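**Student:** input.txt is the file, holding compact mmCIF, C-alpha atoms:
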# COMPACT_ATOMS: atom_id res chain seq x y z
CA ASP L 18 21.39 13.86 -15.31
CA ILE L 19 19.57 14.87 -12.13
CA THR L 20 17.55 12.64 -9.82
CA ASP L 21 15.50 14.45 -7.18
CA VAL L 22 13.47 12.85 -4.37
CA ALA L 23 11.66 14.76 -1.63
CA ALA L 24 9.07 13.91 1.00
CA GLY L 25 7.29 15.66 3.85
CA PHE L 26 5.09 14.80 6.81
CA GLU L 27 2.79 16.88 8.99
CA HIS L 28 0.89 15.87 12.11
CA ALA L 29 -1.34 17.99 14.32
CA PHE L 30 -1.13 16.68 17.89
CA SER L 31 -3.90 19.04 18.95
CA ALA L 32 -5.65 22.14 17.73
CA HIS L 33 -2.62 24.17 18.87
CA GLY L 34 0.45 22.13 17.87
CA LEU L 35 1.87 21.03 14.49
CA LEU L 36 4.90 18.82 13.82
CA THR L 37 6.52 18.97 10.36
CA LEU L 38 9.22 16.70 8.97
CA SER L 39 10.85 16.90 5.55
CA ALA L 40 13.72 15.21 3.75
CA TYR L 41 15.18 15.28 0.26
CA HIS L 42 18.03 13.83 -1.80
CA ARG L 43 19.48 14.95 -5.11
CA SER L 44 22.12 13.15 -7.16
CA GLN L 45 23.61 14.80 -10.23
CA ASP L 46 25.96 13.46 -12.92
CA GLN L 47 27.48 16.20 -15.04
CA GLU L 48 29.86 16.18 -17.99
CA ALA L 49 31.86 19.36 -18.53
CA PHE L 50 34.15 20.31 -21.42
CA SER L 51 36.53 23.25 -21.93
CA GLY L 52 38.43 24.46 -24.97
CA SER L 53 41.66 26.39 -25.45
CA ILE L 54 42.46 28.73 -28.31
CA LEU L 55 45.69 28.75 -30.35
CA GLY L 56 47.22 32.03 -31.52
CA GLN L 57 44.86 34.87 -32.38
CA ARG L 58 41.78 32.66 -32.26
CA GLU L 59 43.07 30.70 -35.22
CA SER L 60 41.81 27.37 -33.91
CA GLU L 61 40.33 25.82 -30.80
CA PHE L 62 40.96 22.39 -29.31
CA LEU L 63 39.44 20.33 -26.51
CA SER L 64 41.67 20.99 -23.52
CA GLN L 65 39.68 19.47 -20.68
CA ALA L 66 36.91 16.91 -20.17
CA SER L 67 35.37 16.12 -16.78
CA THR L 68 32.76 13.87 -15.22
CA ILE L 69 31.34 15.36 -12.00
CA PRO L 70 29.01 13.24 -9.85
CA SER L 71 27.58 14.93 -6.74
CA ASN L 72 25.09 14.20 -3.99
CA VAL L 73 23.22 16.50 -1.65
CA ALA L 74 20.77 15.46 1.05
CA GLY L 75 18.86 17.33 3.68
CA ALA L 76 16.31 17.00 6.45
CA SER L 77 14.42 19.36 8.73
CA MET L 78 12.10 19.09 11.71
CA GLY L 79 9.89 21.86 13.04
CA TRP L 80 7.32 22.40 15.77
CA ALA L 81 4.77 25.23 15.75
CA MET L 82 2.33 26.23 18.50
CA ASN L 83 -0.75 28.45 18.20
CA ARG L 84 -1.11 29.94 21.67
CA GLY L 85 -3.53 32.85 21.32
CA GLY L 86 -3.16 36.05 23.28
CA ALA L 87 -0.41 38.61 22.68
CA ILE L 88 2.05 35.95 21.42
CA PRO L 89 -0.14 33.82 19.13
CA LEU L 90 2.62 31.82 17.42
CA LEU L 91 5.83 30.10 18.52
CA SER L 92 7.90 27.80 16.34
CA PHE L 93 11.36 26.26 16.37
CA GLY L 94 13.28 23.56 14.50
CA VAL L 95 16.50 22.16 13.13
CA ASP L 96 17.83 21.39 9.65
CA VAL L 97 20.92 19.65 8.24
CA GLN L 98 22.42 19.33 4.76
CA PRO L 99 25.52 17.35 3.71
CA ILE L 100 27.02 17.80 0.21
CA GLU L 101 29.57 15.56 -1.51
CA THR L 102 31.11 15.92 -4.95
CA GLU L 103 34.08 14.76 -6.96
CA GLU L 104 35.52 15.39 -10.40
CA HIS L 105 37.44 13.06 -12.68
CA ARG L 106 39.33 15.36 -15.05
CA LEU L 107 41.24 14.64 -18.25
CA ALA L 108 43.53 17.33 -19.72
CA PHE L 109 44.63 17.18 -23.37
CA ASN L 110 47.27 18.98 -25.39
CA ARG L 111 46.72 20.60 -28.78
CA ASN L 112 47.40 17.26 -30.53
CA GLY L 113 44.59 15.51 -28.63
CA SER L 114 46.95 13.43 -26.47
CA LEU L 115 46.18 12.90 -22.78
CA GLN L 116 48.39 15.25 -20.81
CA ARG L 117 47.16 14.77 -17.25
CA GLU L 118 44.51 12.79 -15.34
CA SER L 119 43.35 13.91 -11.90
CA ASN L 120 40.62 13.48 -9.28
CA LEU L 121 39.20 16.35 -7.25
CA THR L 122 37.01 15.80 -4.16
CA GLY L 123 35.23 17.98 -1.64
CA SER L 124 32.46 17.88 0.97
CA GLN L 125 30.42 20.34 3.00
CA GLN L 126 28.20 20.01 6.04
CA PHE L 127 25.50 22.54 7.01
CA ALA L 128 23.39 22.56 10.18
CA GLY L 129 21.04 25.11 11.67
CA LEU L 130 18.80 25.77 14.66
CA PHE L 131 15.97 28.27 14.26
CA GLY L 132 13.10 29.79 16.19
CA GLN L 133 10.34 32.31 15.59
CA ALA L 134 7.76 34.17 17.65
CA SER L 135 4.85 36.39 16.64
CA TRP L 136 3.74 39.27 18.88
CA ARG L 137 0.43 41.14 18.44
CA PRO L 138 0.53 44.16 20.77
CA SER L 139 -2.54 45.56 19.01
CA GLU L 140 -5.02 44.58 16.34
CA ARG L 141 -3.21 46.69 13.73
CA LEU L 142 0.40 45.76 14.57
CA GLU L 143 2.20 42.44 14.29
CA ILE L 144 5.89 41.97 15.12
CA LEU L 145 7.73 38.81 14.07
CA ALA L 146 11.09 37.95 15.64
CA SER L 147 13.20 35.03 14.44
CA ALA L 148 16.77 33.80 14.67
CA ARG L 149 19.02 31.10 13.26
CA VAL L 150 22.30 29.63 14.43
CA ASP L 151 24.08 28.35 11.31
CA SER L 152 27.16 26.17 11.24
CA TYR L 153 29.07 24.92 8.21
CA LYS L 154 32.24 23.00 7.50
CA SER L 155 34.14 22.33 4.26
CA TYR L 156 36.33 19.23 4.41
CA ASP L 157 37.86 16.33 2.43
CA GLY L 158 39.05 18.77 -0.22
CA SER L 159 41.88 17.22 -2.22
CA GLU L 160 43.30 16.90 -5.72
CA ARG L 161 45.22 13.78 -6.74
CA ILE L 162 47.11 13.64 -10.02
CA THR L 163 47.41 10.12 -11.44
CA ASN L 164 51.04 9.02 -11.05
CA GLY L 165 51.75 12.42 -9.52
CA ALA L 166 51.36 14.62 -6.48
CA GLN L 167 48.38 14.89 -4.16
CA THR L 168 47.22 18.18 -2.65
CA GLN L 169 45.15 18.18 0.54
CA TYR L 170 43.16 21.37 1.08
CA PRO L 171 42.58 22.72 4.61
CA GLU L 172 39.28 22.33 6.44
CA ARG L 173 37.23 25.51 6.89
CA SER L 174 34.37 26.01 9.34
CA SER L 175 32.24 28.82 10.69
CA THR L 176 29.28 29.42 13.01
CA GLN L 177 27.05 32.49 12.90
CA PHE L 178 24.03 33.84 14.74
CA ASP L 179 21.50 35.43 12.35
CA PRO L 180 18.58 37.37 13.89
CA ARG L 181 15.66 38.97 12.06
CA VAL L 182 12.90 41.34 13.20
CA SER L 183 10.00 42.33 10.95
CA PHE L 184 6.73 44.18 11.43
CA ARG L 185 3.46 44.91 9.66
CA TYR L 186 1.21 47.82 10.62
CA ALA L 187 -2.24 48.30 9.08
CA LEU L 188 -2.57 51.98 8.19
CA ALA L 189 -6.12 51.43 6.89
CA ASP L 190 -8.34 48.59 5.72
CA ARG L 191 -6.53 48.31 2.36
CA THR L 192 -3.06 49.72 3.16
CA ALA L 193 -0.27 48.41 5.36
CA LEU L 194 3.27 49.46 6.21
CA ARG L 195 5.89 46.75 6.68
CA GLY L 196 9.59 46.53 7.36
CA ALA L 197 12.39 44.21 8.43
CA ALA L 198 16.00 44.19 9.63
CA TYR L 199 18.14 41.07 9.40
CA ARG L 200 21.53 39.42 9.27
CA ALA L 201 22.56 36.41 7.14
CA PHE L 202 25.60 34.59 5.81
CA LYS L 203 26.61 32.71 2.64
CA ALA L 204 29.22 29.97 2.66
CA PRO L 205 31.57 29.57 -0.33
CA THR L 206 30.63 26.81 -2.75
CA LEU L 207 32.75 23.72 -3.36
CA ARG L 208 33.34 24.94 -6.92
CA ASP L 209 34.76 28.27 -5.74
CA LEU L 210 36.89 26.57 -3.07
CA TYR L 211 38.48 23.79 -5.08
CA ARG L 212 37.72 23.82 -8.82
CA SER L 213 39.98 25.76 -11.18
CA ASN L 214 38.94 25.90 -14.81
CA GLN L 215 40.20 27.16 -18.16
CA MET L 216 37.95 28.55 -20.88
CA GLY L 217 39.41 29.99 -24.05
CA THR L 218 42.52 31.91 -23.07
CA SER L 219 41.37 32.67 -19.51
CA VAL L 220 41.84 30.71 -16.30
CA ALA L 221 39.48 30.91 -13.30
CA LEU L 222 41.38 29.85 -10.18
CA ALA L 223 39.75 28.37 -7.08
CA ASN L 224 40.57 29.59 -3.57
CA PRO L 225 40.45 27.04 -0.71
CA PHE L 226 40.83 29.92 1.80
CA LEU L 227 37.57 31.68 0.89
CA GLU L 228 35.60 32.91 3.90
CA PRO L 229 31.78 33.23 4.18
CA GLU L 230 29.96 36.43 3.28
CA THR L 231 28.09 38.21 6.08
CA LEU L 232 25.09 40.38 5.19
CA VAL L 233 23.27 43.00 7.28
CA GLY L 234 20.18 44.42 5.64
CA ALA L 235 16.87 46.21 6.05
CA GLU L 236 13.78 46.95 3.98
CA LEU L 237 10.68 49.12 4.21
CA GLY L 238 7.56 48.79 2.09
CA VAL L 239 3.91 49.64 1.56
CA ASP L 240 1.15 47.21 0.48
CA TRP L 241 -2.20 48.17 -1.04
CA THR L 242 -5.02 45.74 -1.76
CA SER L 243 -8.45 46.05 -3.35
CA ASP L 244 -11.01 43.54 -4.55
CA ARG L 245 -9.27 43.14 -7.92
CA ALA L 246 -5.73 44.39 -7.44
CA HIS L 247 -2.71 44.20 -5.20
CA ALA L 248 0.36 46.45 -5.32
CA GLU L 249 3.48 46.77 -3.22
CA VAL L 250 6.62 48.90 -3.24
CA SER L 251 9.74 48.13 -1.20
CA LEU L 252 12.97 49.99 -0.52
CA PHE L 253 15.94 47.85 0.48
CA ARG L 254 19.56 48.08 1.48
CA SER L 255 22.09 45.41 2.38
CA ASP L 256 25.78 45.62 3.29
CA ILE L 257 28.00 42.59 2.73
CA ASP L 258 31.31 42.02 4.47
CA GLY L 259 33.66 39.55 2.76
CA LEU L 260 31.94 39.70 -0.64
CA GLN L 261 32.88 36.64 -2.72
CA ALA L 262 33.67 37.53 -6.33
CA ARG L 263 36.03 36.82 -9.21
CA ALA L 264 38.94 39.32 -9.44
CA PRO L 265 42.02 39.62 -11.71
CA VAL L 266 45.28 38.07 -10.49
CA PRO L 267 47.94 40.82 -10.42
CA GLY L 268 50.52 40.37 -13.17
CA GLN L 269 48.46 37.68 -14.96
CA PRO L 270 46.06 39.42 -17.39
CA ASN L 271 44.11 36.27 -18.26
CA ALA L 272 43.89 34.77 -14.76
CA PHE L 273 41.06 35.38 -12.27
CA ARG L 274 40.65 34.10 -8.73
CA PHE L 275 37.69 33.90 -6.32
CA LEU L 276 38.40 36.31 -3.46
CA ASN L 277 36.72 37.99 -0.49
CA LEU L 278 36.61 41.52 -1.86
CA GLY L 279 36.05 43.49 1.33
CA LYS L 280 32.68 45.27 1.66
CA SER L 281 29.81 46.03 -0.71
CA ARG L 282 26.51 47.90 -0.60
CA SER L 283 23.33 47.04 -2.47
CA GLN L 284 20.32 49.32 -2.37
CA GLY L 285 17.30 49.92 -4.53
CA VAL L 286 13.60 49.60 -5.02
CA GLU L 287 11.25 46.76 -5.95
CA ALA L 288 7.69 47.23 -7.20
CA MET L 289 5.04 44.63 -8.03
CA ALA L 290 1.40 44.80 -9.07
CA ASP L 291 -1.23 42.15 -9.72
CA VAL L 292 -4.49 43.05 -11.46
CA ARG L 293 -7.40 40.63 -11.98
CA PHE L 294 -9.43 41.70 -15.02
CA THR L 295 -11.97 38.87 -14.86
CA PRO L 296 -12.39 35.79 -12.67
CA ARG L 297 -10.22 33.94 -15.25
CA TRP L 298 -7.60 36.47 -16.38
CA SER L 299 -5.03 38.47 -14.42
CA LEU L 300 -1.89 40.46 -15.15
CA ASN L 301 1.28 40.66 -13.05
CA LEU L 302 3.92 43.39 -13.39
CA GLY L 303 7.28 43.59 -11.65
CA TYR L 304 10.36 45.82 -11.62
CA THR L 305 13.56 45.82 -9.56
CA TYR L 306 16.34 48.40 -9.53
CA SER L 307 19.53 47.49 -7.69
CA ASP L 308 22.52 49.76 -7.17
CA ALA L 309 25.16 47.26 -6.00
CA VAL L 310 28.75 48.51 -5.65
CA VAL L 311 32.02 47.60 -3.93
CA ILE L 312 32.65 50.22 -1.22
CA GLU L 313 35.82 48.87 0.42
CA ASP L 314 38.49 46.55 -0.93
CA PRO L 315 42.18 45.71 -0.41
CA ASN L 316 42.58 46.71 -4.08
CA PRO L 317 41.46 50.39 -4.21
CA ALA L 318 40.97 50.15 -7.99
CA LEU L 319 37.88 47.97 -7.40
CA GLU L 320 36.16 50.42 -5.06
CA GLY L 321 33.09 52.00 -6.68
CA ASN L 322 32.75 49.18 -9.24
CA LEU L 323 29.50 47.30 -9.71
CA ILE L 324 29.21 43.92 -7.99
CA PRO L 325 29.72 41.08 -10.52
CA GLU L 326 26.62 39.40 -12.00
CA VAL L 327 24.12 41.70 -10.24
CA VAL L 328 21.67 42.95 -12.87
CA PRO L 329 20.82 46.65 -12.26
CA HIS L 330 17.36 46.57 -13.91
CA ILE L 331 14.95 43.62 -14.06
CA GLY L 332 11.42 43.90 -15.43
CA SER L 333 8.73 41.29 -15.97
CA ILE L 334 5.18 41.03 -17.22
CA ALA L 335 3.00 37.93 -16.92
CA LEU L 336 -0.50 37.01 -18.08
CA ARG L 337 -2.29 34.27 -16.11
CA TYR L 338 -5.37 32.22 -16.92
CA SER L 339 -7.32 30.11 -14.40
CA GLY L 340 -9.94 27.72 -15.81
CA ARG L 341 -13.06 26.45 -14.13
CA ASP L 342 -11.64 22.93 -13.95
CA ALA L 343 -8.45 24.19 -12.19
CA THR L 344 -6.56 24.39 -15.49
CA ALA L 345 -3.92 27.12 -15.23
CA ALA L 346 -1.61 28.79 -17.74
CA ILE L 347 0.90 31.62 -17.48
CA VAL L 348 2.97 33.46 -20.09
CA ARG L 349 5.82 35.57 -18.69
CA TYR L 350 8.28 37.92 -20.38
CA ARG L 351 11.47 38.95 -18.56
CA VAL L 352 13.83 41.80 -19.48
CA LEU L 353 17.25 42.07 -17.83
CA SER L 354 19.75 44.87 -18.32
CA SER L 355 23.51 44.56 -18.78
CA PRO L 356 25.63 43.48 -15.74
CA TYR L 357 29.36 42.90 -15.32
CA GLY L 358 30.75 39.42 -14.75
CA GLU L 359 33.92 40.27 -12.84
CA ALA L 360 35.00 42.75 -10.21
CA ALA L 361 37.22 44.89 -12.49
CA ASN L 362 34.18 45.79 -14.66
CA LEU L 363 36.26 45.35 -17.82
CA THR L 364 33.56 44.06 -20.19
CA PRO L 365 29.77 44.19 -19.68
CA SER L 366 27.50 41.25 -20.40
CA PRO L 367 24.76 42.00 -22.95
CA SER L 368 21.18 42.58 -21.86
CA TYR L 369 18.61 39.94 -22.81
CA ARG L 370 14.89 39.15 -22.96
CA VAL L 371 13.39 35.76 -22.15
CA PRO L 372 9.77 34.52 -22.52
CA ASP L 373 8.51 31.59 -20.39
CA ILE L 374 5.33 29.50 -20.62
CA ALA L 375 3.80 27.17 -18.02
CA VAL L 376 0.55 25.15 -17.96
CA SER L 377 -1.07 22.68 -15.58
CA ARG L 378 -4.28 20.65 -15.76
CA PRO L 379 -5.96 18.13 -13.45
CA ILE L 380 -6.22 14.59 -14.79
CA LEU L 381 -8.00 13.12 -11.78
CA SER L 382 -9.13 14.66 -8.51
CA TRP L 383 -5.77 13.70 -6.98
CA LEU L 384 -3.47 13.91 -10.04
CA ASP L 385 -2.26 16.96 -12.01
CA ALA L 386 -0.15 17.19 -15.16
CA TYR L 387 2.12 20.17 -15.74
CA ALA L 388 4.61 21.49 -18.31
CA SER L 389 6.89 24.52 -18.46
CA LEU L 390 8.92 26.00 -21.30
CA GLU L 391 11.67 28.39 -20.21
CA ASN L 392 13.34 30.66 -22.77
CA ALA L 393 10.63 29.66 -25.23
CA PHE L 394 12.23 31.37 -28.26
CA ASP L 395 15.69 29.95 -27.46
CA GLU L 396 17.24 33.39 -26.97
CA GLU L 397 21.05 33.08 -27.07
CA TYR L 398 22.58 35.13 -24.26
CA PHE L 399 25.74 34.89 -22.19
CA TYR L 400 27.56 36.30 -19.17
CA VAL L 401 31.03 37.81 -19.57
CA LEU L 402 33.19 36.31 -16.81
CA SER L 403 36.33 38.03 -18.14
CA PRO L 404 37.26 39.80 -21.39
CA THR L 405 38.12 36.40 -22.89
CA MET L 406 35.80 34.05 -20.97
CA THR L 407 31.98 33.79 -21.13
CA ARG L 408 29.28 31.49 -19.80
CA SER L 409 26.20 30.69 -21.85
CA GLY L 410 22.76 31.41 -20.45
CA GLN L 411 20.03 28.80 -20.15
CA PRO L 412 18.77 27.62 -23.56
CA ARG L 413 15.20 26.61 -24.34
CA THR L 414 14.25 24.14 -21.58
CA LEU L 415 11.13 21.98 -21.49
CA SER L 416 10.04 20.34 -18.23
CA PHE L 417 6.92 18.26 -17.71
CA GLY L 418 5.54 15.77 -15.24
CA VAL L 419 2.72 14.87 -12.88
CA ARG L 420 1.91 15.81 -9.27
CA MET L 421 -0.03 13.51 -6.96
CA ASN L 422 -1.79 14.53 -3.74
CA ILE L 423 -1.35 11.41 -1.63
CA ALA L 424 -3.80 12.50 1.05
CA THR L 425 -6.56 13.04 -1.53
CA ALA L 426 -5.72 9.78 -3.29
CA ARG L 427 -5.93 7.84 -0.04
CA HIS L 428 -9.23 9.51 0.83
CA ARG L 429 -10.70 8.67 -2.60
CA GLY L 430 -9.46 5.08 -2.32
Rewrite the coordinates I just gave you, this time as structure tokens.
**Tutor:**
Amino acid sequence: DITDVAAGFEHAFSAHGLLTLSAYHRSQDQEAFSGSILGQRESEFLSQASTIPSNVAGASMGWAMNRGGAIPLLSFGVDVQPIETEEHRLAFNRNGSLQRESNLTGSQQFAGLFGQASWRPSERLEILASARVDSYKSYDGSERITNGAQTQYPERSSTQFDPRVSFRYALADRTALRGAAYRAFKAPTLRDLYRSNQMGTSVALANPFLEPETLVGAELGVDWTSDRAHAEVSLFRSDIDGLQARAPVPGQPNAFRFLNLGKSRSQGVEAMADVRFTPRWSLNLGYTYSDAVVIEDPNPALEGNLIPEVVPHIGSIALRYSGRDATAAIVRYRVLSSPYGEAANLTPSPSYRVPDIAVSRPILSWLDAYASLENAFDEEYFYVLSPTMTRSGQPRTLSFGVRMNIATARHRG
């Protein structure tokens, strides 16, 4: 059960300044179950049942200035995001009797400062420079066994400076060259830090000493636009230091632990095209190829392996319809090739194909209704996390609701 609330506010103090504020809160209550297998898959029993409530909140504030001249845009801001979660876990033996009861807790705090400036040295060239200072802390990690021991996990924190420089140069009226170079980081999740789990005959072990990933990347692309079509092709490369992934525990064939695996490289090409046949109908095509491998690791046997859960080939085709009354519909078909789910590349996950459908229609001038159906044919697919442990993909999922434009509603009222 997920409850999501978000709100935003914008105010223009003058023709050259804009203040934006946003905030959101999400609460989630999850029930999770795991089974264990006896013998040579002779029978399976419920080994673990958990209730996992969590809360995440966030807020951001930004200020943008249109200045004109060679530096037409300046902006800066701040954002924060605290996360809290806990798990009440019951473990059962093969006879169904309660074997152990425990509580697992953990929290994270994220904060960032960011700024951006646009520079137009000529009419054809725009250069955009931006930077973030990100700080995160994981804390209050503990596991308490009812009538038993309590484990307190260490706090972890990190601060990183992440710059980015991008450019766009108009080669001609319809063609432009663009590129970017950047640095980023990814903190470990609370699940990877604290939550161990058993599925089937395999055990996935948490690691409270996980460090963040650091990425340095660049891309170069070409855009082409006409009255009825748009196409773009991009080459990319990124190098990650401290790659977080699931790796086998030496001497324990059915145990896997989240580790920082050293260094990885991901490079490839992405192509997209959008063609409008009529004012109402358009077609979108997309393809991504990613060659993502481990290039340096404390375990030399993992070097040269594909990065877990990175799909090498992804293709998509979508047909869109736009009605005169702002009714919109889209049918999309996605094809994903076979990836590996763990660093040893022992067993590949199967490829799969998923169709999605989405529609929206205005009810009033300020109120829209929408619905989306993901995995419309209920394709059954899964990811192999280890030779004896898998995770199911998303089943058929229907979402629907309404969207209200408060500013329009107030104006009409």
**Student:** Just the residues within 9 Å of region 31-48 of chain L, please, counting all atoms listed in the file, with nothing from its chain fewer than 2 positions along; format it as a JSON list (two decimals) with C-alpha atoms, in the frame of the given file.
**Tutor:**
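New file around-v4.json:
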[["chain", "number", "residue", "atom", "x", "y", "z"],
["L", 18, "ASP", "CA", 21.39, 13.86, -15.31],
["L", 19, "ILE", "CA", 19.57, 14.87, -12.13],
["L", 20, "THR", "CA", 17.55, 12.64, -9.82],
["L", 21, "ASP", "CA", 15.50, 14.45, -7.18],
["L", 22, "VAL", "CA", 13.47, 12.85, -4.37],
["L", 23, "ALA", "CA", 11.66, 14.76, -1.63],
["L", 24, "ALA", "CA", 9.07, 13.91, 1.00],
["L", 25, "GLY", "CA", 7.29, 15.66, 3.85],
["L", 26, "PHE", "CA", 5.09, 14.80, 6.81],
["L", 27, "GLU", "CA", 2.79, 16.88, 8.99],
["L", 28, "HIS", "CA", 0.89, 15.87, 12.11],
["L", 29, "ALA", "CA", -1.34, 17.99, 14.32],
["L", 50, "PHE", "CA", 34.15, 20.31, -21.42],
["L", 66, "ALA", "CA", 36.91, 16.91, -20.17],
["L", 67, "SER", "CA", 35.37, 16.12, -16.78],
["L", 68, "THR", "CA", 32.76, 13.87, -15.22],
["L", 69, "ILE", "CA", 31.34, 15.36, -12.00],
["L", 70, "PRO", "CA", 29.01, 13.24, -9.85],
["L", 71, "SER", "CA", 27.58, 14.93, -6.74],
["L", 72, "ASN", "CA", 25.09, 14.20, -3.99],
["L", 73, "VAL", "CA", 23.22, 16.50, -1.65],
["L", 74, "ALA", "CA", 20.77, 15.46, 1.05],
["L", 75, "GLY", "CA", 18.86, 17.33, 3.68],
["L", 76, "ALA", "CA", 16.31, 17.00, 6.45],
["L", 77, "SER", "CA", 14.42, 19.36, 8.73],
["L", 78, "MET", "CA", 12.10, 19.09, 11.71],
["L", 79, "GLY", "CA", 9.89, 21.86, 13.04],
["L", 80, "TRP", "CA", 7.32, 22.40, 15.77],
["L", 81, "ALA", "CA", 4.77, 25.23, 15.75],
["L", 82, "MET", "CA", 2.33, 26.23, 18.50],
["L", 83, "ASN", "CA", -0.75, 28.45, 18.20],
["L", 84, "ARG", "CA", -1.11, 29.94, 21.67]]
**Student:** Just the number, please: distance in Å from CA of Tyr156 (chain L) to CA of Asp256 (chain L), one decimal.
**Tutor:**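 The value is 28.4 Å.
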**Student:** Find, counting all atoms listed in the file, the residue in L:Ala360, L:Leu210, L:Arg349, L:Pro367 that gets nearest to Ala393 (chain L).
**Tutor:** L:Arg349
**Student:** In Å, with one decimal, what is the gap from CA of Ser175 (chain L) to CA of Lys203 (chain L)?
**Tutor:** 10.6 Å
**Student:** Using all atoms listed in the file, determine which residues lie at most 10 Å from region 223-232 of chain L, disregarding the query and same-chain residues fewer than 5 positions distant; provide the list as a PyMOL selection string.
**Tutor:** chain L and resi 153+155+158+170-177+179+199-214+255-261+263+273-282
**Student:** How far is it from CA of Arg141 (chain L) to CA of Trp241 (chain L), in Å with one decimal?
**Tutor:**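 Answer for the CA of Arg141 (chain L) to CA of Trp241 (chain L) separation: 14.9 Å.
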**Student:** Which residue gives the smallest distance to Asn301 (chain L) among L:Ile347, L:Asp342, L:Glu397, L:Ser368, with only C-alpha atoms counted?
**Tutor:** L:Ile347
**Student:** Would you please work out which residue, of L:Val233, L:Met289, L:Ile334, L:Leu63, is nearest to Leu115 (chain L) when using all atoms listed in the file?
**Tutor:** L:Leu63
**Student:** Hey, which of L:Ile162, L:Pro329, L:Arg413, L:Ile144 ends up closest to Ser183 (chain L)? Count all atoms listed in the file.
**Tutor:**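 Distance minimum relative to Ser183 (chain L) lands on L:Ile144.
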**Student:** May I have the residues within 6 Å of Ala290 (chain L) as a list in words, using all atoms listed in the file and disregarding those fewer than 4 positions away in the same chain?
**Tutor:**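 Result of the neighbour search: His247, Ala248, Asn301 and Leu302 of chain L.
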**Student:** Between L:Ser355, L:Ser377, L:Trp383, L:Tyr400, single out the one closest to Ser416 (chain L), counting all atoms listed in the file.
**Tutor:**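 Checking each of L:Ser355, L:Ser377, L:Trp383, L:Tyr400 against Ser416 (chain L), counting all atoms listed in the file, the winner is L:Ser377.
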**Student:** Please determine, counting only C-alpha atoms, which residue among L:Ser389, L:Ser53, L:Ser354, L:Thr242 has the shortest atom-to-atom distance to Thr192 (chain L).
**Tutor:**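 Checking each of L:Ser389, L:Ser53, L:Ser354, L:Thr242 against Thr192 (chain L), counting only C-alpha atoms, the winner is L:Thr242.
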**Student:** Using all atoms of region 191-207 of chain L listed in the file and a margin of 5 Å per side, can you give the axis-aligned box centre and edge lengths in Å to one decimal, as JSON?
**Tutor:**
{"center_x": 13.1, "center_y": 36.7, "center_z": 3.1, "size_x": 49.3, "size_y": 36.0, "size_z": 23.0}
**Student:** Excluding Gly52 (chain L) and its own-chain neighbours fewer than 5 positions away, which residues fall within 12 Å of it when counting only C-alpha atoms? Please give them as number ranges by chain.
**Tutor:** L: 58, 60-66, 108-111, 113, 214-220, 406-407
**Student:** I need the residues from that last selection saved to file as a PDB file, keeping the file's coordinate frame (with C-alpha atoms), if you can.
**Tutor:**
ATOM      1  CA  ARG L  58      41.780  32.660 -32.260  1.00  0.00           C
ATOM      2  CA  SER L  60      41.810  27.370 -33.910  1.00  0.00           C
ATOM      3  CA  GLU L  61      40.330  25.820 -30.800  1.00  0.00           C
ATOM      4  CA  PHE L  62      40.960  22.390 -29.310  1.00  0.00           C
ATOM      5  CA  LEU L  63      39.440  20.330 -26.510  1.00  0.00           C
ATOM      6  CA  SER L  64      41.670  20.990 -23.520  1.00  0.00           C
ATOM      7  CA  GLN L  65      39.680  19.470 -20.680  1.00  0.00           C
ATOM      8  CA  ALA L  66      36.910  16.910 -20.170  1.00  0.00           C
ATOM      9  CA  ALA L 108      43.530  17.330 -19.720  1.00  0.00           C
ATOM     10  CA  PHE L 109      44.630  17.180 -23.370  1.00  0.00           C
ATOM     11  CA  ASN L 110      47.270  18.980 -25.390  1.00  0.00           C
ATOM     12  CA  ARG L 111      46.720  20.600 -28.780  1.00  0.00           C
ATOM     13  CA  GLY L 113      44.590  15.510 -28.630  1.00  0.00           C
ATOM     14  CA  ASN L 214      38.940  25.900 -14.810  1.00  0.00           C
ATOM     15  CA  GLN L 215      40.200  27.160 -18.160  1.00  0.00           C
ATOM     16  CA  MET L 216      37.950  28.550 -20.880  1.00  0.00           C
ATOM     17  CA  GLY L 217      39.410  29.990 -24.050  1.00  0.00           C
ATOM     18  CA  THR L 218      42.520  31.910 -23.070  1.00  0.00           C
ATOM     19  CA  SER L 219      41.370  32.670 -19.510  1.00  0.00           C
ATOM     20  CA  VAL L 220      41.840  30.710 -16.300  1.00  0.00           C
ATOM     21  CA  MET L 406      35.800  34.050 -20.970  1.00  0.00           C
ATOM     22  CA  THR L 407      31.980  33.790 -21.130  1.00  0.00           C
TER      23      THR L 407
END
**Student:** Please provide as a ChimeraX atom specification all residues within 7 Å of Thr344 (chain L), with the sequence filter that same-chain residues fewer than 4 positions apart are discarded (counting only C-alpha atoms).
**Tutor:** /L:339-340,377-379
